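**Q** Input file: my_file35.pdb. Contents: PDB, C-alpha atoms and all ligand atoms.
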ATOM      1  CA  MET A   1       0.000   0.000   0.000
ATOM      2  CA  ASP A   2       1.543   3.292  -1.070
ATOM      3  CA  PRO A   3       0.440   6.071   1.316
ATOM      4  CA  LYS A   4       1.178   8.639  -1.388
ATOM      5  CA  ALA A   5      -1.316   7.143  -3.800
ATOM      6  CA  PRO A   6      -4.005   9.681  -4.709
ATOM      7  CA  MET A   7      -7.283   9.304  -2.888
ATOM      8  CA  ARG A   8      -9.937   7.921  -5.158
ATOM      9  CA  THR A   9     -12.686   9.874  -3.446
ATOM     10  CA  SER A  10     -11.149  13.248  -4.237
ATOM     11  CA  ALA A  11     -10.494  12.235  -7.845
ATOM     12  CA  ALA A  12     -14.141  11.308  -8.280
ATOM     13  CA  TRP A  13     -15.236  14.907  -7.962
ATOM     14  CA  SER A  14     -12.648  16.202 -10.396
ATOM     15  CA  PHE A  15     -14.793  14.934 -13.249
ATOM     16  CA  ASP A  16     -15.915  17.781 -15.470
ATOM     17  CA  PRO A  17     -19.055  17.037 -17.496
ATOM     18  CA  SER A  18     -18.248  19.834 -19.926
ATOM     19  CA  THR A  19     -15.185  17.954 -21.156
ATOM     20  CA  LYS A  20     -17.305  15.082 -22.318
ATOM     21  CA  THR A  21     -19.740  16.444 -24.826
ATOM     22  CA  PRO A  22     -22.110  15.763 -26.353
ATOM     23  CA  LEU A  23     -23.785  13.924 -23.506
ATOM     24  CA  LEU A  24     -26.729  11.719 -24.185
ATOM     25  CA  GLY A  25     -29.589  11.038 -21.841
ATOM     26  CA  TYR A  26     -33.128   9.783 -21.992
ATOM     27  CA  CYS A  27     -35.657  12.568 -21.823
ATOM     28  CA  PRO A  28     -38.926  11.404 -20.216
ATOM     29  CA  ASN A  29     -40.721  14.327 -21.831
ATOM     30  CA  CYS A  30     -39.548  13.646 -25.398
ATOM     31  CA  ARG A  31     -39.549   9.886 -24.731
ATOM     32  CA  GLN A  32     -36.297   9.416 -26.578
ATOM     33  CA  SER A  33     -32.555   9.748 -26.195
ATOM     34  CA  VAL A  34     -31.539  13.353 -26.490
ATOM     35  CA  ILE A  35     -28.461  15.530 -26.260
ATOM     36  CA  VAL A  36     -28.173  16.946 -22.769
ATOM     37  CA  LEU A  37     -27.003  20.486 -22.237
ATOM     38  CA  LYS A  38     -25.465  22.098 -19.175
ATOM     39  CA  ALA A  39     -24.792  18.782 -17.473
ATOM     40  CA  ARG A  40     -23.816  18.991 -13.845
ATOM     41  CA  ILE A  41     -22.942  16.433 -11.219
ATOM     42  CA  VAL A  42     -25.643  15.875  -8.654
ATOM     43  CA  GLY A  43     -24.127  12.840  -6.973
ATOM     44  CA  VAL A  44     -21.963   9.752  -7.189
ATOM     45  CA  ALA A  45     -23.218   6.182  -6.996
ATOM     46  CA  GLY A  46     -20.437   3.626  -6.900
ATOM     47  CA  ASP A  47     -18.430   4.023 -10.107
ATOM     48  CA  GLN A  48     -21.075   6.143 -11.789
ATOM     49  CA  TYR A  49     -21.649   9.839 -11.728
ATOM     50  CA  LEU A  50     -25.210  10.976 -11.371
ATOM     51  CA  LEU A  51     -25.765  13.995 -13.547
ATOM     52  CA  GLU A  52     -28.583  16.231 -14.519
ATOM     53  CA  GLY A  53     -28.850  18.438 -17.535
ATOM     54  CA  ASN A  54     -31.382  20.021 -19.807
ATOM     55  CA  CYS A  55     -32.875  18.356 -22.849
ATOM     56  CA  LYS A  56     -31.700  19.988 -26.076
ATOM     57  CA  ARG A  57     -35.142  19.494 -27.614
ATOM     58  CA  CYS A  58     -37.548  20.634 -24.921
ATOM     59  CA  GLY A  59     -35.346  22.047 -22.150
ATOM     60  CA  GLU A  60     -36.751  19.778 -19.468
ATOM     61  CA  PRO A  61     -34.353  18.439 -16.808
ATOM     62  CA  VAL A  62     -32.895  15.082 -17.790
ATOM     63  CA  PRO A  63     -31.257  12.895 -15.126
ATOM     64  CA  PHE A  64     -28.649  10.447 -16.329
ATOM     65  CA  SER A  65     -25.432   8.791 -15.289
ATOM     66  CA  VAL A  66     -22.029   8.129 -16.793
TER
HETATM   67 ZN    ZN A 101     -36.949  16.595 -24.027
END
Mind turning this structure into structure tokens?

**A**
Amino acid sequence: MDPKAPMRTSAAWSFDPSTKTPLLGYCPNCRQSVIVLKARIVGVAGDQYLLEGNCKRCGEPVPFSV
């Protein structure tokens, strides 16, 4: 065990959604996969980031994960 190894927990929050565009999510309003704008992290579940953005088609909030 190397004590100088970077902490995984701190690295998890360094993820920047804006560097990974376009993001796709399922919009419940449009009932189809859509491009998500202005994605932001709302939480972390295990190895996945929980994000929320706005549907490019209708502007409704679209929750998704990466
Ligand atoms: Zn939509």

**Q** Enumerate residues in contact with ligand ZN 101 (chain A): an atom-to-atom distance of at most 12 Å, counting all atoms listed in the file. Format the result as a ChimeraX atom specification.

**A** /A:24-37,53-63

**Q** Given the file shown, enumerate the residues that the PyMOL selection byres (((chain A and resi 51) around 10) and not hetatm) captures and present them as a list in words.

**A** Pro17, Gly25, Val36, Lys38, Ala39, Arg40, Ile41, Val42, Gly43, Val44, Gln48, Tyr49, Leu50, Glu52, Gly53, Val62, Pro63, Phe64, Ser65 and Val66 of chain A

**Q** Box for stretch 38-43 of chain A: with edges along x, y and z, all listed atoms inside and 8 Å added on each side, what are the centre and edge lengths in Å to one decimal, as lines of an AutoDock Vina configuration file?

**A**
center_x = -24.3
center_y = 17.5
center_z = -13.1
size_x = 18.7
size_y = 25.3
size_z = 28.2
